[in-house]
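Visitor: So that you have it, the file is my_file_20.csv, and it contains CSV, C-alpha atoms:
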```
chain,number,residue,atom,x,y,z
A,1,MET,CA,-109.8,256.7,74.7
A,2,ASN,CA,-106.7,258.6,75.5
A,3,THR,CA,-104.4,259.4,72.7
A,4,PRO,CA,-100.6,259.5,73.4
A,5,THR,CA,-99.6,263.1,73.8
A,6,GLN,CA,-96.5,264.2,72.0
A,7,GLU,CA,-94.0,266.4,73.9
A,8,ILE,CA,-93.2,269.6,72.3
A,9,ALA,CA,-89.5,269.8,71.5
A,10,LYS,CA,-87.9,272.5,73.6
A,11,PRO,CA,-84.4,273.8,73.5
A,12,GLY,CA,-82.4,272.3,76.4
A,13,ASN,CA,-84.2,269.0,76.3
A,14,LEU,CA,-81.3,266.4,76.4
A,15,GLN,CA,-83.3,263.8,74.5
A,16,ASP,CA,-84.0,266.1,71.6
A,17,GLU,CA,-80.4,267.3,71.3
A,18,GLN,CA,-79.2,263.6,71.2
A,19,ILE,CA,-76.9,264.0,74.2
A,20,LEU,CA,-76.5,261.2,76.7
A,21,LEU,CA,-74.7,261.6,80.0
A,22,THR,CA,-73.1,258.6,81.5
A,23,SER,CA,-69.9,257.4,83.2
A,24,VAL,CA,-67.1,256.0,81.1
A,25,ASP,CA,-67.3,252.6,82.7
A,26,ASP,CA,-71.0,252.4,82.0
A,27,PHE,CA,-70.5,253.4,78.4
A,28,LEU,CA,-67.6,251.0,77.8
A,29,ASN,CA,-69.5,248.1,79.6
A,30,TRP,CA,-72.5,248.8,77.4
A,31,GLY,CA,-70.3,248.3,74.4
A,32,ARG,CA,-68.5,245.3,75.8
A,33,GLN,CA,-71.6,243.4,76.7
A,34,ASN,CA,-73.1,243.9,73.3
A,35,SER,CA,-70.1,242.9,71.3
A,36,LEU,CA,-68.8,239.8,73.1
A,37,TRP,CA,-66.4,238.2,70.7
A,38,TYR,CA,-65.7,234.7,71.8
A,39,LEU,CA,-62.8,232.4,71.1
A,40,LEU,CA,-63.7,229.6,68.7
A,41,PHE,CA,-62.5,226.9,70.9
A,42,ALA,CA,-64.1,223.6,71.8
A,43,THR,CA,-62.7,220.3,73.1
A,44,ALA,CA,-65.6,217.9,73.3
A,45,CYS,CA,-69.3,217.4,72.7
A,46,CYS,CA,-70.2,220.7,74.4
A,47,GLY,CA,-68.6,222.2,71.3
A,48,ILE,CA,-71.4,220.8,69.2
A,49,GLU,CA,-74.0,222.6,71.3
A,50,LEU,CA,-71.8,225.7,71.1
A,51,MET,CA,-71.9,225.5,67.3
A,52,GLN,CA,-75.6,224.9,67.4
A,53,THR,CA,-76.0,228.1,69.4
A,54,GLY,CA,-74.1,230.0,66.8
A,55,GLY,CA,-76.2,228.4,64.0
A,56,PRO,CA,-79.3,229.8,62.4
A,57,ARG,CA,-81.8,228.3,64.8
A,58,TYR,CA,-80.5,230.0,68.0
A,59,ASP,CA,-78.4,232.6,66.2
A,60,TRP,CA,-76.5,234.2,69.0
A,61,ASP,CA,-75.0,236.6,66.6
A,62,ARG,CA,-78.0,238.7,67.5
A,63,LEU,CA,-76.6,239.0,71.0
A,64,GLY,CA,-73.4,240.3,69.6
A,65,MET,CA,-71.5,237.0,69.9
A,66,ILE,CA,-69.1,236.8,67.0
A,67,PRO,CA,-66.6,233.9,66.9
A,68,ARG,CA,-63.0,234.9,66.7
A,69,PRO,CA,-60.3,232.5,65.5
A,70,THR,CA,-57.5,234.0,67.6
A,71,PRO,CA,-57.5,234.7,71.4
A,72,ARG,CA,-55.9,238.1,70.8
A,73,GLN,CA,-59.2,239.4,69.4
A,74,ALA,CA,-61.5,237.6,71.8
A,75,ASP,CA,-63.2,238.9,75.0
A,76,LEU,CA,-64.8,235.7,76.1
A,77,MET,CA,-63.6,232.1,76.3
A,78,VAL,CA,-66.2,229.4,76.4
A,79,ILE,CA,-64.7,226.2,77.8
A,80,ALA,CA,-66.8,223.8,75.9
A,81,GLY,CA,-65.8,220.3,76.8
A,82,THR,CA,-63.5,218.0,78.6
A,83,ILE,CA,-60.1,219.4,79.6
A,84,THR,CA,-57.3,216.9,80.0
A,85,HIS,CA,-54.1,217.5,81.9
A,86,LYS,CA,-52.3,217.9,78.6
A,87,MET,CA,-54.9,220.4,77.3
A,88,ALA,CA,-55.0,222.4,80.5
A,89,SER,CA,-51.7,224.2,80.0
A,90,ARG,CA,-52.8,225.0,76.4
A,91,VAL,CA,-56.0,226.5,77.8
A,92,ARG,CA,-54.0,228.6,80.2
A,93,THR,CA,-51.8,229.8,77.4
A,94,LEU,CA,-54.8,230.8,75.2
A,95,TRP,CA,-56.4,232.6,78.2
A,96,GLU,CA,-53.2,234.5,78.8
A,97,GLN,CA,-53.1,235.6,75.2
A,98,MET,CA,-56.5,237.3,75.5
A,99,ALA,CA,-56.5,241.0,76.1
A,100,GLU,CA,-58.1,242.4,79.3
A,101,PRO,CA,-60.9,242.7,80.1
A,102,LYS,CA,-61.7,239.0,79.5
A,103,TRP,CA,-64.3,236.6,80.7
A,104,VAL,CA,-64.6,232.8,80.9
A,105,ILE,CA,-67.7,230.7,80.8
A,106,SER,CA,-67.3,227.1,81.9
A,107,MET,CA,-69.8,225.1,79.9
A,108,GLY,CA,-71.0,221.7,81.0
A,109,SER,CA,-70.1,219.2,83.7
A,110,CYS,CA,-66.7,218.3,82.3
A,111,ALA,CA,-65.4,221.8,82.4
A,112,ASN,CA,-67.1,222.5,85.7
A,113,ALA,CA,-66.0,219.5,87.7
A,114,GLY,CA,-64.7,216.7,85.5
A,115,GLY,CA,-68.2,215.3,84.8
A,116,PRO,CA,-68.4,211.6,84.2
A,117,PHE,CA,-64.6,211.4,84.2
A,118,SER,CA,-64.2,212.9,87.7
A,119,LYS,CA,-64.0,209.7,89.6
A,120,PHE,CA,-61.4,207.4,88.1
A,121,SER,CA,-60.1,209.0,84.9
A,122,TYR,CA,-56.3,209.3,84.8
A,123,SER,CA,-56.2,212.1,82.2
A,124,VAL,CA,-59.1,214.5,82.8
A,125,LEU,CA,-58.8,217.6,84.9
A,126,ASN,CA,-61.5,218.0,87.6
A,127,GLY,CA,-62.7,221.5,86.7
A,128,VAL,CA,-61.0,224.0,84.5
A,129,ASP,CA,-61.1,226.5,87.3
A,130,LYS,CA,-58.0,225.0,88.7
A,131,TYR,CA,-56.1,226.6,85.8
A,132,ILE,CA,-58.0,229.7,84.9
A,133,PRO,CA,-60.6,231.9,86.7
A,134,VAL,CA,-64.2,231.2,85.7
A,135,ASP,CA,-67.0,233.7,85.7
A,136,ILE,CA,-70.1,231.7,84.8
A,137,TYR,CA,-70.6,228.0,85.4
A,138,ILE,CA,-73.3,226.4,83.2
A,139,PRO,CA,-74.5,222.9,84.3
A,140,GLY,CA,-75.6,220.3,81.9
A,141,CYS,CA,-74.1,217.4,79.9
A,142,PRO,CA,-74.1,219.1,77.5
A,143,PRO,CA,-76.1,222.2,78.2
A,144,ARG,CA,-78.8,223.0,75.7
A,145,PRO,CA,-78.3,226.2,73.6
A,146,GLU,CA,-81.0,227.8,75.8
A,147,ALA,CA,-78.8,227.2,78.9
A,148,LEU,CA,-75.8,228.6,77.1
A,149,ILE,CA,-77.8,231.7,76.1
A,150,ASP,CA,-78.9,232.0,79.7
A,151,GLY,CA,-75.3,231.9,80.8
A,152,VAL,CA,-74.4,234.6,78.3
A,153,THR,CA,-77.3,236.7,79.6
A,154,ALA,CA,-76.0,236.3,83.1
A,155,LEU,CA,-72.5,237.3,81.9
A,156,LYS,CA,-73.9,240.4,80.2
A,157,GLU,CA,-75.4,241.5,83.6
A,158,ARG,CA,-72.1,241.0,85.2
A,159,ILE,CA,-70.2,242.9,82.5
A,160,GLN,CA,-72.5,245.9,83.1
A,161,THR,CA,-71.1,246.2,86.6
A,162,TYR,CA,-67.5,245.7,85.6
A,163,LYS,CA,-65.2,248.3,87.0
A,164,THR,CA,-61.9,249.0,85.3
A,165,PHE,CA,-60.1,249.5,88.7
A,166,GLY,CA,-62.4,247.2,90.7
A,167,ARG,CA,-62.0,243.8,92.3
A,168,ARG,CA,-62.9,240.7,90.4
A,169,ASP,CA,-66.4,239.5,91.1
A,170,GLU,CA,-67.2,236.1,92.6
A,171,PRO,CA,-68.1,233.4,90.0
A,172,ILE,CA,-71.8,232.7,89.3
A,173,VAL,CA,-73.1,229.2,89.3
A,174,LEU,CA,-76.3,228.9,87.3
A,175,GLN,CA,-79.0,226.6,88.6
B,1,MET,CA,-63.4,193.3,60.8
B,2,SER,CA,-64.7,195.6,58.1
B,3,PRO,CA,-61.5,196.7,56.3
B,4,VAL,CA,-61.2,193.2,54.8
B,5,PRO,CA,-62.9,192.9,51.4
B,6,SER,CA,-65.3,190.0,50.9
B,7,ARG,CA,-63.7,186.9,49.5
B,8,ASN,CA,-65.1,187.2,46.1
B,9,GLN,CA,-63.7,190.6,45.7
B,10,CYS,CA,-60.2,189.4,46.5
B,11,ARG,CA,-58.0,188.1,43.8
B,12,GLY,CA,-56.0,185.8,46.1
B,13,LYS,CA,-56.8,182.7,48.1
B,14,ALA,CA,-57.8,183.0,51.7
B,15,GLN,CA,-55.7,180.8,54.1
B,16,SER,CA,-57.0,179.1,57.2
B,17,PHE,CA,-55.5,179.8,60.6
B,18,GLU,CA,-53.7,176.5,60.6
B,19,ALA,CA,-52.1,177.1,57.2
B,20,ILE,CA,-51.0,180.6,58.2
B,21,PHE,CA,-49.6,179.3,61.5
B,22,ALA,CA,-47.8,176.4,59.8
B,23,LYS,CA,-46.0,178.8,57.4
B,24,VAL,CA,-44.9,181.0,60.3
B,25,LEU,CA,-43.8,178.0,62.4
B,26,VAL,CA,-41.5,176.8,59.7
B,27,ARG,CA,-39.7,180.1,59.5
B,28,PHE,CA,-39.9,180.9,63.3
B,29,PRO,CA,-39.8,177.8,65.4
B,30,ALA,CA,-40.3,179.8,68.7
B,31,THR,CA,-43.8,180.9,67.8
B,32,GLN,CA,-46.8,179.2,69.4
B,33,ALA,CA,-50.5,179.0,68.7
B,34,GLY,CA,-53.0,180.1,71.3
B,35,SER,CA,-56.7,179.8,71.6
B,36,ALA,CA,-59.4,181.2,73.9
B,37,PRO,CA,-62.7,179.5,75.0
B,38,ASN,CA,-64.7,181.6,72.6
B,39,GLY,CA,-62.9,180.2,69.6
B,40,ALA,CA,-60.5,183.1,69.0
B,41,ARG,CA,-57.0,181.9,67.9
B,42,TRP,CA,-53.7,183.7,67.7
B,43,ILE,CA,-50.1,183.3,67.0
B,44,ALA,CA,-47.8,184.0,70.0
B,45,VAL,CA,-44.5,185.5,69.0
B,46,GLN,CA,-41.3,186.2,70.9
B,47,PRO,CA,-41.1,190.0,71.5
B,48,LEU,CA,-37.7,190.6,70.0
B,49,GLU,CA,-38.7,188.5,66.9
B,50,MET,CA,-41.7,190.6,66.2
B,51,LEU,CA,-40.2,192.7,63.5
B,52,GLU,CA,-38.9,189.7,61.5
B,53,VAL,CA,-42.3,188.0,61.9
B,54,ALA,CA,-44.1,191.1,60.7
B,55,ARG,CA,-41.8,191.4,57.6
B,56,PHE,CA,-42.5,187.8,56.8
B,57,LEU,CA,-46.2,188.1,57.2
B,58,LYS,CA,-46.3,191.1,54.9
B,59,SER,CA,-43.9,189.9,52.3
B,60,ASP,CA,-44.8,186.3,51.9
B,61,PRO,CA,-46.9,186.1,48.7
B,62,ASP,CA,-49.3,183.5,50.2
B,63,LEU,CA,-49.9,185.6,53.4
B,64,SER,CA,-49.6,189.2,52.2
B,65,PHE,CA,-50.8,190.8,55.4
B,66,ASP,CA,-50.7,194.3,54.0
B,67,SER,CA,-52.9,195.9,56.7
B,68,LEU,CA,-52.4,196.4,60.4
B,69,CYS,CA,-56.0,197.0,61.6
B,70,CYS,CA,-55.2,197.5,65.3
B,71,LEU,CA,-52.3,197.4,67.7
B,72,THR,CA,-53.3,197.1,71.3
B,73,GLY,CA,-51.3,197.0,74.5
B,74,VAL,CA,-52.6,194.7,77.3
B,75,ASP,CA,-51.6,194.4,80.9
B,76,LEU,CA,-51.8,190.7,81.9
B,77,LEU,CA,-51.3,191.3,85.6
B,78,LYS,CA,-53.2,188.6,87.6
B,79,PHE,CA,-54.4,187.1,84.3
B,80,PRO,CA,-55.5,183.5,85.0
B,81,THR,CA,-53.1,180.9,83.6
B,82,ASP,CA,-53.9,177.4,82.6
B,83,ALA,CA,-51.1,175.7,84.7
B,84,LYS,CA,-52.1,175.2,88.3
B,85,ASP,CA,-48.8,175.9,90.1
B,86,ALA,CA,-47.6,178.6,87.7
B,87,PRO,CA,-46.6,181.9,89.3
B,88,PRO,CA,-49.2,184.6,88.7
B,89,CYS,CA,-48.9,186.3,85.3
B,90,THR,CA,-47.3,189.8,85.4
B,91,ASP,CA,-46.6,190.2,81.7
B,92,LEU,CA,-47.4,193.1,79.4
B,93,ALA,CA,-48.5,192.1,75.9
B,94,CYS,CA,-49.3,193.6,72.5
B,95,VAL,CA,-52.0,192.4,70.2
B,96,TYR,CA,-51.7,192.9,66.5
B,97,ASP,CA,-54.8,192.4,64.3
B,98,LEU,CA,-53.7,191.9,60.7
B,99,ALA,CA,-55.7,191.6,57.5
B,100,SER,CA,-54.8,190.9,53.9
B,101,SER,CA,-56.7,192.8,51.2
B,102,VAL,CA,-55.1,190.4,48.6
B,103,HIS,CA,-56.3,187.2,50.0
B,104,GLY,CA,-59.1,188.3,52.3
B,105,HIS,CA,-57.9,186.5,55.4
B,106,GLU,CA,-57.0,187.8,58.8
B,107,VAL,CA,-54.9,186.8,61.8
B,108,CYS,CA,-54.2,187.9,65.3
B,109,VAL,CA,-50.7,188.0,66.6
B,110,LYS,CA,-49.7,188.4,70.2
B,111,SER,CA,-46.4,189.2,71.8
B,112,SER,CA,-46.0,189.3,75.5
B,113,THR,CA,-43.0,190.7,77.3
B,114,SER,CA,-41.8,190.9,80.9
B,115,ARG,CA,-43.0,193.7,83.2
B,116,GLU,CA,-39.4,194.5,84.3
B,117,THR,CA,-38.0,195.1,80.8
B,118,PRO,CA,-41.0,195.5,78.5
B,119,GLU,CA,-39.4,195.6,75.1
B,120,ILE,CA,-40.9,194.6,71.8
B,121,SER,CA,-39.3,195.3,68.4
B,122,SER,CA,-41.2,198.0,66.5
B,123,VAL,CA,-43.1,197.1,63.4
B,124,GLU,CA,-43.3,200.7,62.3
B,125,SER,CA,-41.0,200.0,59.3
B,126,VAL,CA,-43.4,197.3,58.1
B,127,TRP,CA,-46.8,199.1,58.6
B,128,GLY,CA,-46.4,202.8,58.9
B,129,VAL,CA,-49.6,203.1,60.9
B,130,ALA,CA,-48.0,201.4,63.8
B,131,SER,CA,-46.1,204.5,64.6
B,132,PHE,CA,-49.0,206.1,66.5
B,133,PHE,CA,-50.3,202.9,67.9
B,134,GLU,CA,-46.9,202.2,69.4
B,135,ARG,CA,-46.7,205.6,70.9
B,136,GLU,CA,-50.1,205.1,72.5
B,137,ALA,CA,-49.1,201.7,73.9
B,138,PHE,CA,-45.9,203.3,75.2
B,139,ASP,CA,-47.7,206.2,76.8
B,140,LEU,CA,-50.4,204.2,78.6
B,141,LEU,CA,-48.6,200.9,79.3
B,142,GLY,CA,-44.9,201.6,79.2
B,143,VAL,CA,-44.0,199.1,76.5
B,144,SER,CA,-40.8,200.2,74.8
B,145,PHE,CA,-40.8,199.5,71.1
B,146,LEU,CA,-37.2,199.0,70.0
B,147,GLY,CA,-36.5,200.8,66.7
B,148,HIS,CA,-39.3,203.2,66.8
B,149,HIS,CA,-38.2,206.6,65.4
B,150,ASP,CA,-39.9,208.8,67.9
B,151,LEU,CA,-41.2,207.1,71.0
B,152,ARG,CA,-42.8,209.9,73.0
B,153,ARG,CA,-45.9,210.1,75.0
B,154,LEU,CA,-49.0,210.7,72.9
B,155,LEU,CA,-52.0,211.3,75.1
B,156,MET,CA,-50.5,212.2,78.5
B,157,PRO,CA,-48.3,215.3,79.2
B,158,PRO,CA,-44.6,214.6,78.5
B,159,ASP,CA,-43.6,215.0,82.2
B,160,TRP,CA,-46.3,212.6,83.5
B,161,ILE,CA,-45.0,209.9,85.8
B,162,GLY,CA,-46.1,206.3,85.4
B,163,TYR,CA,-48.2,204.5,82.9
B,164,PRO,CA,-52.0,205.0,83.6
B,165,LEU,CA,-53.4,201.8,82.1
B,166,ARG,CA,-51.2,199.4,84.1
B,167,LYS,CA,-53.3,197.6,86.6
B,168,ASP,CA,-50.9,198.5,89.5
B,169,TYR,CA,-50.8,202.1,88.6
B,170,VAL,CA,-51.1,204.6,91.5
B,171,TYR,CA,-52.6,207.9,90.6
B,172,PRO,CA,-50.4,210.8,91.6
B,173,GLU,CA,-51.6,213.2,94.3
B,174,SER,CA,-50.8,216.3,92.3
B,175,TYR,CA,-49.7,217.3,88.9
B,176,GLY,CA,-48.4,220.8,87.8
B,177,GLY,CA,-49.3,222.3,91.1
B,178,VAL,CA,-52.9,221.1,90.9
B,179,GLU,CA,-54.3,218.8,93.6
B,180,LEU,CA,-55.5,215.6,92.0
B,181,LYS,CA,-56.7,213.8,95.1
B,182,ARG,CA,-60.5,213.3,94.8
B,183,GLU,CA,-62.7,214.0,97.9
B,184,GLY,CA,-63.6,210.9,99.8
B,185,GLN,CA,-62.1,208.8,97.1
B,186,THR,CA,-58.8,207.1,97.2
B,187,PHE,CA,-57.4,205.2,94.3
B,188,GLU,CA,-57.0,202.1,96.5
B,189,SER,CA,-60.8,201.9,97.0
B,190,GLY,CA,-61.4,202.0,93.3
B,191,PRO,CA,-62.1,199.1,90.9
B,192,TYR,CA,-58.4,198.7,90.1
B,193,LYS,CA,-57.4,196.9,93.3
```
Rewrite the structure from the file as structure tokens, please.

Guide:
Amino acid sequence: MNTPTQEIAKPGNLQDEQILLTSVDDFLNWGRQNSLWYLLFATACCGIELMQTGGPRYDWDRLGMIPRPTPRQADLMVIAGTITHKMASRVRTLWEQMAEPKWVISMGSCANAGGPFSKFSYSVLNGVDKYIPVDIYIPGCPPRPEALIDGVTALKERIQTYKTFGRRDEPIVLQ
Amino acid sequence: MSPVPSRNQCRGKAQSFEAIFAKVLVRFPATQAGSAPNGARWIAVQPLEMLEVARFLKSDPDLSFDSLCCLTGVDLLKFPTDAKDAPPCTDLACVYDLASSVHGHEVCVKSSTSRETPEISSVESVWGVASFFEREAFDLLGVSFLGHHDLRRLLMPPDWIGYPLRKDYVYPESYGGVELKREGQTFESGPYK
């Protein structure tokens, strides 16, 4: 049976001298994706699932997701629930108050496309993407916490390729 | 209706609908009694008399309607009328569900007003809870409540045009620069026509 061999520490070995070489964007993105502070904002029943995901069972604090009560400290906005025409301008204001770089997850059918209200409702906006740009669309009515965590995982992959002076990526629609 | 305590909890004496209506009729001769096939009965009140009737219903010691359970606006467009040759109904109406925690009785009061000048006197000064109910009815059906201290839209944006729960409402094609027309779906093809 082979025993793991231990490399002898040599001067000049980067690993031993605790030096890491990377580009600034990669380093910042690594930090960004592991401390995604999200705005504590929910408008309908998707918000219940959002709270569940933050609760002890799914505990997305372990992914670095910390709720923030003010948009000025938030990196991520999870649109959890139905957005009415009256609410839409408020959502836009909250989104504008967030500092760059910022990301938006559209959670559930209502925020994606109006959901059950899309056909004849007089008050519901058909998709929050008419007011703010969305990065990840999560289907479901409401999505389970697993789906939400899946969406956050997809967002983390996207954040890793974020370029400070680059173009905005196309939105991702989860299946 | 659950807010009404059971009769043995109440210290007063519950009145029948006939007794309540008789008391109101003596004071307000223009009121009428109405009934539906399912046995529901109501008192129909002139719209501009509504405030006086409400004051009377609350302050009369035998009635003491101290609670407004619900205030609903109704669009009676194309509502079937009893008379055969009557013109089709175009009225807007408000339905007030009242209860008394003193006597344990309840009554339904309706007040219908014309579609052209939908005006009903506000009962906000009698039951404070009516303030929000009336704003909602104003927002969605366009009933103006005379004497309301702050009659603004409640649910729709303040610059919204039209009253969405009216049966002849036509959905706008855009609002705030956002296209509202649904693909392959016109409002005329919907259930409202």

Visitor: One decimal, in Å: what's the spacing between CA of Val109 (chain B) and CA of Arg166 (chain B)?

Guide: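 Pair CA of Val109 (chain B) / CA of Arg166 (chain B) returns 20.9 Å.
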
Visitor: Name the residues, using the chain letters and numbers of the file, that sit within 7 Å of (-50.5, 201.6, 56.5) when counting only C-alpha atoms, and give them as an MDAnalysis selection string.

Guide: chainID B and resid 67:68 127:129

Visitor: Any idea what's packed within 8 Å of Cys110 (chain A), counting only C-alpha atoms, ignoring anything in its chain fewer than 6 positions away? Could you give it as a list in words?

Guide: Gly81, Thr82, Ile83, Pro116, Phe117, Asn126, Gly127 and Cys141 of chain A

Visitor: Which of these, A:Asp150, A:Tyr122, A:Gly140, A:Thr161, has the shortest distance to chain B once you count all atoms listed in the file?

Guide: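 Among the listed residues, A:Tyr122 lies closest to chain B.
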
Visitor: Kindly provide, as a VMD selection string, the residues of chain A having any atom no farther than 12 Å from an atom of chain B, counting only C-alpha atoms.

Guide: chain A and resid 84 to 90 113 to 114 117 to 132

Visitor: Could the residues in this selection be saved with C-alpha atoms as a PDB file, in the frame of the given file?

Guide:
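Written file, selection-v3.pdb:
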```pdb
ATOM      1  CA  THR A  84     -57.300 216.900  80.000  1.00  0.00           C
ATOM      2  CA  HIS A  85     -54.100 217.500  81.900  1.00  0.00           C
ATOM      3  CA  LYS A  86     -52.300 217.900  78.600  1.00  0.00           C
ATOM      4  CA  MET A  87     -54.900 220.400  77.300  1.00  0.00           C
ATOM      5  CA  ALA A  88     -55.000 222.400  80.500  1.00  0.00           C
ATOM      6  CA  SER A  89     -51.700 224.200  80.000  1.00  0.00           C
ATOM      7  CA  ARG A  90     -52.800 225.000  76.400  1.00  0.00           C
ATOM      8  CA  ALA A 113     -66.000 219.500  87.700  1.00  0.00           C
ATOM      9  CA  GLY A 114     -64.700 216.700  85.500  1.00  0.00           C
ATOM     10  CA  PHE A 117     -64.600 211.400  84.200  1.00  0.00           C
ATOM     11  CA  SER A 118     -64.200 212.900  87.700  1.00  0.00           C
ATOM     12  CA  LYS A 119     -64.000 209.700  89.600  1.00  0.00           C
ATOM     13  CA  PHE A 120     -61.400 207.400  88.100  1.00  0.00           C
ATOM     14  CA  SER A 121     -60.100 209.000  84.900  1.00  0.00           C
ATOM     15  CA  TYR A 122     -56.300 209.300  84.800  1.00  0.00           C
ATOM     16  CA  SER A 123     -56.200 212.100  82.200  1.00  0.00           C
ATOM     17  CA  VAL A 124     -59.100 214.500  82.800  1.00  0.00           C
ATOM     18  CA  LEU A 125     -58.800 217.600  84.900  1.00  0.00           C
ATOM     19  CA  ASN A 126     -61.500 218.000  87.600  1.00  0.00           C
ATOM     20  CA  GLY A 127     -62.700 221.500  86.700  1.00  0.00           C
ATOM     21  CA  VAL A 128     -61.000 224.000  84.500  1.00  0.00           C
ATOM     22  CA  ASP A 129     -61.100 226.500  87.300  1.00  0.00           C
ATOM     23  CA  LYS A 130     -58.000 225.000  88.700  1.00  0.00           C
ATOM     24  CA  TYR A 131     -56.100 226.600  85.800  1.00  0.00           C
ATOM     25  CA  ILE A 132     -58.000 229.700  84.900  1.00  0.00           C
TER      26      ILE A 132
END
```

Visitor: With only C-alpha atoms as the atoms that count, which of B:Leu77, B:Ala137, B:Leu57, B:Leu151 lies nearest to Ser114 (chain B)?

Guide: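 For Ser114 (chain B), the nearest of the given residues is B:Leu77.
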
Visitor: Kindly give the distance, in Å, that separates CA of Asp75 (chain A) and CA of Ala111 (chain A), rounded to a single decimal.

Guide: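 Separation between CA of Asp75 (chain A) and CA of Ala111 (chain A): 18.8 Å.
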
Visitor: Just the number, please: distance in Å from CA of Asp25 (chain A) to CA of Ile159 (chain A), one decimal.

Guide: 10.1 Å

Visitor: With only C-alpha atoms as the basis for distance, which of A:Ile136, A:Met98, A:Leu63, A:Ala80 is at the shortest distance from Asn34 (chain A)?

Guide: A:Leu63

Visitor: Around (-53.4, 234.4, 78.7), as given in the file, which residues come within 12 Å? Count all atoms listed in the file and list them as an mmCIF file with C-alpha atoms, in the frame of the given file.

Guide:
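Here's the written file selection-v5.cif:
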```
data_model
loop_
_atom_site.group_PDB
_atom_site.id
_atom_site.type_symbol
_atom_site.label_atom_id
_atom_site.label_comp_id
_atom_site.auth_asym_id
_atom_site.auth_seq_id
_atom_site.Cartn_x
_atom_site.Cartn_y
_atom_site.Cartn_z
ATOM 1 C CA THR A 70 -57.500 234.000 67.600
ATOM 2 C CA PRO A 71 -57.500 234.700 71.400
ATOM 3 C CA ARG A 72 -55.900 238.100 70.800
ATOM 4 C CA ALA A 74 -61.500 237.600 71.800
ATOM 5 C CA ASP A 75 -63.200 238.900 75.000
ATOM 6 C CA LEU A 76 -64.800 235.700 76.100
ATOM 7 C CA MET A 77 -63.600 232.100 76.300
ATOM 8 C CA SER A 89 -51.700 224.200 80.000
ATOM 9 C CA ARG A 90 -52.800 225.000 76.400
ATOM 10 C CA VAL A 91 -56.000 226.500 77.800
ATOM 11 C CA ARG A 92 -54.000 228.600 80.200
ATOM 12 C CA THR A 93 -51.800 229.800 77.400
ATOM 13 C CA LEU A 94 -54.800 230.800 75.200
ATOM 14 C CA TRP A 95 -56.400 232.600 78.200
ATOM 15 C CA GLU A 96 -53.200 234.500 78.800
ATOM 16 C CA GLN A 97 -53.100 235.600 75.200
ATOM 17 C CA MET A 98 -56.500 237.300 75.500
ATOM 18 C CA ALA A 99 -56.500 241.000 76.100
ATOM 19 C CA GLU A 100 -58.100 242.400 79.300
ATOM 20 C CA PRO A 101 -60.900 242.700 80.100
ATOM 21 C CA LYS A 102 -61.700 239.000 79.500
ATOM 22 C CA TRP A 103 -64.300 236.600 80.700
ATOM 23 C CA VAL A 104 -64.600 232.800 80.900
ATOM 24 C CA TYR A 131 -56.100 226.600 85.800
ATOM 25 C CA ILE A 132 -58.000 229.700 84.900
ATOM 26 C CA PRO A 133 -60.600 231.900 86.700
#
```

Visitor: Quick one: residues within 10 Å of Ala93 (chain B), all atoms listed in the file, excluding same-chain residues fewer than 5 positions away - as number ranges by chain?

Guide: B: 47, 72-76, 110-115, 118-120, 137, 141, 143

Visitor: Select, from A:Met107, A:Val173, A:Ile149, A:Ile79, the residue with the minimum atom-to-atom distance to Asp61 (chain A), counting all atoms listed in the file.

Guide: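 For Asp61 (chain A), the nearest of the given residues is A:Ile149.
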
Visitor: Which residues are near Cys70 (chain B)? Cut-off 9 Å, only C-alpha atoms, ignore same chain within fewer than 2 positions. Put them as a list in words.

Guide: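 Once the nearby chain positions are removed, what remains is Leu68, Thr72, Val95, Tyr96, Asp97, Leu98, Ala130 and Phe133 of chain B.
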